[in-house]
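K.L.:
Dropping in my_file-v5.pdb, which is PDB, C-alpha atoms:
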```
ATOM      1  CA  MET A   1     -13.193   6.931   4.660  1.00  0.00           C
ATOM      2  CA  PHE A   2     -11.350   3.653   4.191  1.00  0.00           C
ATOM      3  CA  GLY A   3     -10.972   2.918   0.473  1.00  0.00           C
ATOM      4  CA  VAL A   4     -11.787   6.351  -0.964  1.00  0.00           C
ATOM      5  CA  VAL A   5      -8.622   6.832  -3.054  1.00  0.00           C
ATOM      6  CA  ARG A   6      -8.521   4.969  -6.389  1.00  0.00           C
ATOM      7  CA  PRO A   7      -6.199   5.462  -9.379  1.00  0.00           C
ATOM      8  CA  CYS A   8      -7.692   6.054 -12.809  1.00  0.00           C
ATOM      9  CA  LYS A   9      -5.437   4.120 -15.194  1.00  0.00           C
ATOM     10  CA  HIS A  10      -7.179   5.589 -18.242  1.00  0.00           C
ATOM     11  CA  VAL A  11      -6.281   9.122 -17.035  1.00  0.00           C
ATOM     12  CA  LEU A  12      -2.737   8.536 -15.741  1.00  0.00           C
ATOM     13  CA  CYS A  13      -0.042   8.675 -18.405  1.00  0.00           C
ATOM     14  CA  GLY A  14       2.401   5.751 -18.588  1.00  0.00           C
ATOM     15  CA  SER A  15       5.088   7.211 -16.316  1.00  0.00           C
ATOM     16  CA  LEU A  16       2.610   8.365 -13.639  1.00  0.00           C
ATOM     17  CA  PHE A  17       0.975   4.945 -13.555  1.00  0.00           C
ATOM     18  CA  GLU A  18       4.411   3.290 -13.254  1.00  0.00           C
ATOM     19  CA  ASP A  19       5.261   5.618 -10.348  1.00  0.00           C
ATOM     20  CA  TRP A  20       1.923   4.811  -8.688  1.00  0.00           C
ATOM     21  CA  MET A  21       2.587   1.072  -9.057  1.00  0.00           C
ATOM     22  CA  ALA A  22       6.151   1.517  -7.751  1.00  0.00           C
ATOM     23  CA  HIS A  23       4.663   2.928  -4.558  1.00  0.00           C
ATOM     24  CA  LEU A  24       1.938   0.271  -4.347  1.00  0.00           C
ATOM     25  CA  CYS A  25       4.375  -2.614  -4.775  1.00  0.00           C
ATOM     26  CA  GLY A  26       6.862  -0.874  -2.472  1.00  0.00           C
ATOM     27  CA  LEU A  27       4.181  -0.593   0.220  1.00  0.00           C
ATOM     28  CA  CYS A  28       3.346  -4.282  -0.085  1.00  0.00           C
ATOM     29  CA  LEU A  29       7.018  -5.274   0.105  1.00  0.00           C
ATOM     30  CA  THR A  30       7.624  -2.902   3.026  1.00  0.00           C
ATOM     31  CA  LEU A  31       4.730  -4.442   4.941  1.00  0.00           C
ATOM     32  CA  ARG A  32       6.280  -7.876   4.348  1.00  0.00           C
ATOM     33  CA  ALA A  33       9.766  -6.767   5.383  1.00  0.00           C
ATOM     34  CA  GLU A  34       8.698  -4.842   8.485  1.00  0.00           C
ATOM     35  CA  HIS A  35       5.701  -6.842   9.730  1.00  0.00           C
ATOM     36  CA  GLY A  36       5.610 -10.271   8.033  1.00  0.00           C
ATOM     37  CA  GLN A  37       3.686 -11.917   5.196  1.00  0.00           C
ATOM     38  CA  ALA A  38       0.236 -11.550   6.768  1.00  0.00           C
ATOM     39  CA  ALA A  39       0.630  -7.759   6.970  1.00  0.00           C
ATOM     40  CA  ARG A  40       0.565  -7.599   3.160  1.00  0.00           C
ATOM     41  CA  LEU A  41      -3.208  -8.107   3.366  1.00  0.00           C
ATOM     42  CA  VAL A  42      -3.641  -4.506   4.544  1.00  0.00           C
ATOM     43  CA  THR A  43      -2.011  -2.965   1.456  1.00  0.00           C
ATOM     44  CA  ASN A  44      -4.368  -0.203   0.365  1.00  0.00           C
ATOM     45  CA  TYR A  45      -4.500   2.970  -1.687  1.00  0.00           C
ATOM     46  CA  ASP A  46      -5.201   5.193   1.306  1.00  0.00           C
ATOM     47  CA  GLY A  47      -1.887   4.315   2.957  1.00  0.00           C
ATOM     48  CA  LEU A  48      -0.160   4.438  -0.405  1.00  0.00           C
ATOM     49  CA  LEU A  49      -1.034   8.113  -0.757  1.00  0.00           C
ATOM     50  CA  VAL A  50       1.240   8.826   2.233  1.00  0.00           C
ATOM     51  CA  SER A  51       4.194   7.319   0.375  1.00  0.00           C
ATOM     52  CA  VAL A  52       3.413   9.353  -2.749  1.00  0.00           C
ATOM     53  CA  LEU A  53       3.148  12.589  -0.772  1.00  0.00           C
ATOM     54  CA  VAL A  54       6.447  11.982   1.056  1.00  0.00           C
ATOM     55  CA  GLU A  55       8.209  11.375  -2.261  1.00  0.00           C
ATOM     56  CA  ALA A  56       6.682  14.552  -3.710  1.00  0.00           C
ATOM     57  CA  GLN A  57       8.218  16.555  -0.855  1.00  0.00           C
ATOM     58  CA  ALA A  58      11.611  14.827  -0.800  1.00  0.00           C
ATOM     59  CA  PRO A  59      12.354  12.551  -3.804  1.00  0.00           C
ATOM     60  CA  GLU A  60      15.741  11.577  -2.363  1.00  0.00           C
ATOM     61  CA  LEU A  61      13.931   9.787   0.495  1.00  0.00           C
ATOM     62  CA  SER A  62      12.320   7.312  -1.940  1.00  0.00           C
ATOM     63  CA  PRO A  63      15.064   5.177  -3.469  1.00  0.00           C
ATOM     64  CA  ARG A  64      13.980   2.532  -5.982  1.00  0.00           C
ATOM     65  CA  ARG A  65      15.060  -1.033  -6.621  1.00  0.00           C
ATOM     66  CA  LYS A  66      14.140  -3.807  -9.027  1.00  0.00           C
ATOM     67  CA  ALA A  67      11.674  -6.285  -7.532  1.00  0.00           C
ATOM     68  CA  GLY A  68      11.246  -9.854  -8.634  1.00  0.00           C
ATOM     69  CA  PRO A  69       8.183 -11.268 -10.382  1.00  0.00           C
ATOM     70  CA  CYS A  70       4.838 -11.040  -8.612  1.00  0.00           C
ATOM     71  CA  ALA A  71       1.567 -12.777  -9.443  1.00  0.00           C
ATOM     72  CA  LEU A  72      -0.347  -9.516  -8.977  1.00  0.00           C
ATOM     73  CA  ARG A  73       1.841  -7.904 -11.656  1.00  0.00           C
ATOM     74  CA  GLY A  74       1.367 -10.783 -14.082  1.00  0.00           C
ATOM     75  CA  MET A  75       4.676 -12.399 -13.007  1.00  0.00           C
ATOM     76  CA  LYS A  76       6.613  -9.354 -14.228  1.00  0.00           C
ATOM     77  CA  THR A  77       9.460  -7.560 -12.506  1.00  0.00           C
ATOM     78  CA  ALA A  78       9.165  -3.860 -11.689  1.00  0.00           C
ATOM     79  CA  GLU A  79      10.968  -0.873 -10.231  1.00  0.00           C
ATOM     80  CA  VAL A  80       9.575  -0.352  -6.717  1.00  0.00           C
ATOM     81  CA  VAL A  81      10.159   1.970  -3.797  1.00  0.00           C
ATOM     82  CA  THR A  82      12.482   0.219  -1.344  1.00  0.00           C
ATOM     83  CA  ALA A  83      11.449  -0.902   2.130  1.00  0.00           C
ATOM     84  CA  LYS A  84      14.048   1.542   3.514  1.00  0.00           C
ATOM     85  CA  ALA A  85      12.208   4.541   2.030  1.00  0.00           C
ATOM     86  CA  GLU A  86      10.777   6.844   4.685  1.00  0.00           C
ATOM     87  CA  GLY A  87       7.490   7.249   2.812  1.00  0.00           C
ATOM     88  CA  ALA A  88       7.018   3.502   2.381  1.00  0.00           C
ATOM     89  CA  ARG A  89       7.640   2.876   6.076  1.00  0.00           C
ATOM     90  CA  LEU A  90       5.221   5.627   7.065  1.00  0.00           C
ATOM     91  CA  ALA A  91       2.647   4.282   4.575  1.00  0.00           C
ATOM     92  CA  ALA A  92       3.010   0.783   6.048  1.00  0.00           C
ATOM     93  CA  ALA A  93       2.318   2.138   9.528  1.00  0.00           C
ATOM     94  CA  ALA A  94      -0.676   4.106   8.227  1.00  0.00           C
ATOM     95  CA  SER A  95      -2.066   1.003   6.484  1.00  0.00           C
ATOM     96  CA  LEU A  96      -1.793  -1.052   9.658  1.00  0.00           C
ATOM     97  CA  LEU A  97      -3.507   1.683  11.687  1.00  0.00           C
ATOM     98  CA  LEU A  98      -6.314   1.991   9.123  1.00  0.00           C
ATOM     99  CA  ALA A  99      -6.840  -1.780   9.140  1.00  0.00           C
ATOM    100  CA  ALA A 100      -6.913  -1.866  12.948  1.00  0.00           C
ATOM    101  CA  GLY A 101      -9.467   0.949  13.009  1.00  0.00           C
ATOM    102  CA  LYS A 102     -11.601  -0.771  10.392  1.00  0.00           C
ATOM    103  CA  THR A 103     -11.519  -4.040  12.344  1.00  0.00           C
ATOM    104  CA  ARG A 104     -12.370  -2.253  15.595  1.00  0.00           C
ATOM    105  CA  ASP A 105     -15.295  -0.546  13.860  1.00  0.00           C
ATOM    106  CA  HIS A 106     -16.643  -3.873  12.541  1.00  0.00           C
ATOM    107  CA  VAL A 107     -16.374  -5.408  16.020  1.00  0.00           C
ATOM    108  CA  ALA A 108     -18.187  -2.469  17.610  1.00  0.00           C
ATOM    109  CA  ASP A 109     -20.935  -2.517  14.974  1.00  0.00           C
ATOM    110  CA  GLY A 110     -21.227  -6.303  14.896  1.00  0.00           C
ATOM    111  CA  ASP A 111     -21.071  -6.409  11.097  1.00  0.00           C
ATOM    112  CA  GLY A 112     -18.808  -7.815   8.411  1.00  0.00           C
ATOM    113  CA  ALA A 113     -16.897 -10.871   9.565  1.00  0.00           C
ATOM    114  CA  TYR A 114     -18.035 -10.074  13.116  1.00  0.00           C
ATOM    115  CA  ALA A 115     -21.788 -10.239  12.427  1.00  0.00           C
ATOM    116  CA  ARG A 116     -22.085 -13.478  14.381  1.00  0.00           C
ATOM    117  CA  ARG A 117     -20.043 -15.408  16.911  1.00  0.00           C
ATOM    118  CA  LEU A 118     -17.718 -18.162  15.782  1.00  0.00           C
TER
END
```
Mind turning this structure into structure tokens?
P.N.:
Amino acid sequence: MFGVVRPCKHVLCGSLFEDWMAHLCGLCLTLRAEHGQAARLVTNYDGLLVSVLVEAQAPELSPRRKAGPCALRGMKTAEVVTAKAEGARLAAAASLLLAAGKTRDHVADGDGAYARRL
């Protein structure tokens, strides 16, 4: 089920899309803060949903901060969920677990990057 969740920008109103992006950027920055630059490669929407759901249950657990410019945001700044937020930390762990499972599956199946020996 990796990669099933996708946002529909044409359906989300402006504030909902900004909230979604705050969680996406917050997840990416949390992965960097907790696990290093390379961990940012596993940023995905499936893990992001965990952060959104935690904030829906307890908004006070998702503080925001202003992030600097990012190339993926067109070099714009944005309000993002902080790396200290419980939902962002849980989402980062979920993203890493999903990526590990996906890699293990590719190794077992012998497909993707693991279709042939190096």
K.L.:
Excluding A:Met21 and residues on its chain fewer than 4 positions from it, collect all residues at most 9 Å away from it, counting all atoms listed in the file, and give them as a ChimeraX atom specification.
P.N.:
/A:16-17,25-26,78-80
K.L.:
Residues of the last selection are to be written out with C-alpha atoms, as a PDB file, in the frame of the given file.
P.N.:
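The new file selection32.pdb reads:
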```pdb
ATOM      1  CA  LEU A  16       2.610   8.365 -13.639  1.00  0.00           C
ATOM      2  CA  PHE A  17       0.975   4.945 -13.555  1.00  0.00           C
ATOM      3  CA  CYS A  25       4.375  -2.614  -4.775  1.00  0.00           C
ATOM      4  CA  GLY A  26       6.862  -0.874  -2.472  1.00  0.00           C
ATOM      5  CA  ALA A  78       9.165  -3.860 -11.689  1.00  0.00           C
ATOM      6  CA  GLU A  79      10.968  -0.873 -10.231  1.00  0.00           C
ATOM      7  CA  VAL A  80       9.575  -0.352  -6.717  1.00  0.00           C
TER       8      VAL A  80
END
```
K.L.:
Residue by residue, what does the PyMOL selection byres ((chain A and resi 82) around 7) grab here? Present the result as a list in words.
P.N.:
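Selection result, ordered by chain and number: Gly26, Pro63, Arg64, Arg65, Val80, Val81, Ala83, Lys84 and Ala85 of chain A.
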K.L.:
In terms of the shortest atom-to-atom distance over all atoms listed in the file, which of A:Val11, A:Cys70, A:Ala33, A:Val50 is closest to A:Glu86?
P.N.:
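Using all atoms listed in the file, the shortest distance to A:Glu86 belongs to A:Val50.
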K.L.:
Identify, on the basis of all atoms listed in the file, every residue whose closest approach to A:Leu31 does not exceed 7 Å; exclude the query and any residue fewer than 5 positions from it along the same chain; express the result as a list in words.
P.N.:
Gly36, Ala39, Arg40 and Ala92 of chain A
K.L.:
Counting all atoms listed in the file, what is within 12 Å of A:Tyr45, bar same-chain residues fewer than 5 positions away, as a PyMOL selection string?
P.N.:
chain A and resi 1-8+20-21+23-25+27-28+50-52+91-92+94-95+98
K.L.:
Given 5 Å on each side, where is the centre and what are the edge lengths in Å to one decimal of the axis-aligned box enclosing the listed atoms of stretch 31-48 of chain A, as AutoDock Vina command-line options?
P.N.:
```
--center_x 2.3 --center_y -3.4 --center_z 4.0 --size_x 25.0 --size_y 27.1 --size_z 21.4
```
K.L.:
Between atom CA of A:Leu90 and atom CA of A:Leu61, what is the spacing in Å?
P.N.:
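Between atom CA of A:Leu61 and atom CA of A:Leu90 the gap works out to 11.7 Å.
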K.L.:
If I take atom CA of A:Arg104 and atom CA of A:Leu41, how far is one from the other in Å, to one decimal?
P.N.:
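Taking atom CA of A:Arg104 and atom CA of A:Leu41, their separation equals 16.4 Å.
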K.L.:
Expressed in Å to a single decimal, how great is the separation between atom CA of A:Leu48 and atom CA of A:Thr77?
P.N.:
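For atom CA of A:Leu48 relative to atom CA of A:Thr77, the distance reads 19.6 Å.
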K.L.:
At a cut-off of 12 Å, using only C-alpha atoms, what residues contact A:Tyr114? Leave out same-chain residues fewer than 5 positions from it and give the result as number ranges by chain.
P.N.:
A: 102-109
K.L.:
When you count only C-alpha atoms, which of these residues is closest to A:Leu29: A:Ala88, A:Leu97, A:Leu49, A:Ala113?
P.N.:
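Ranked by minimum distance to A:Leu29, first place goes to A:Ala88.
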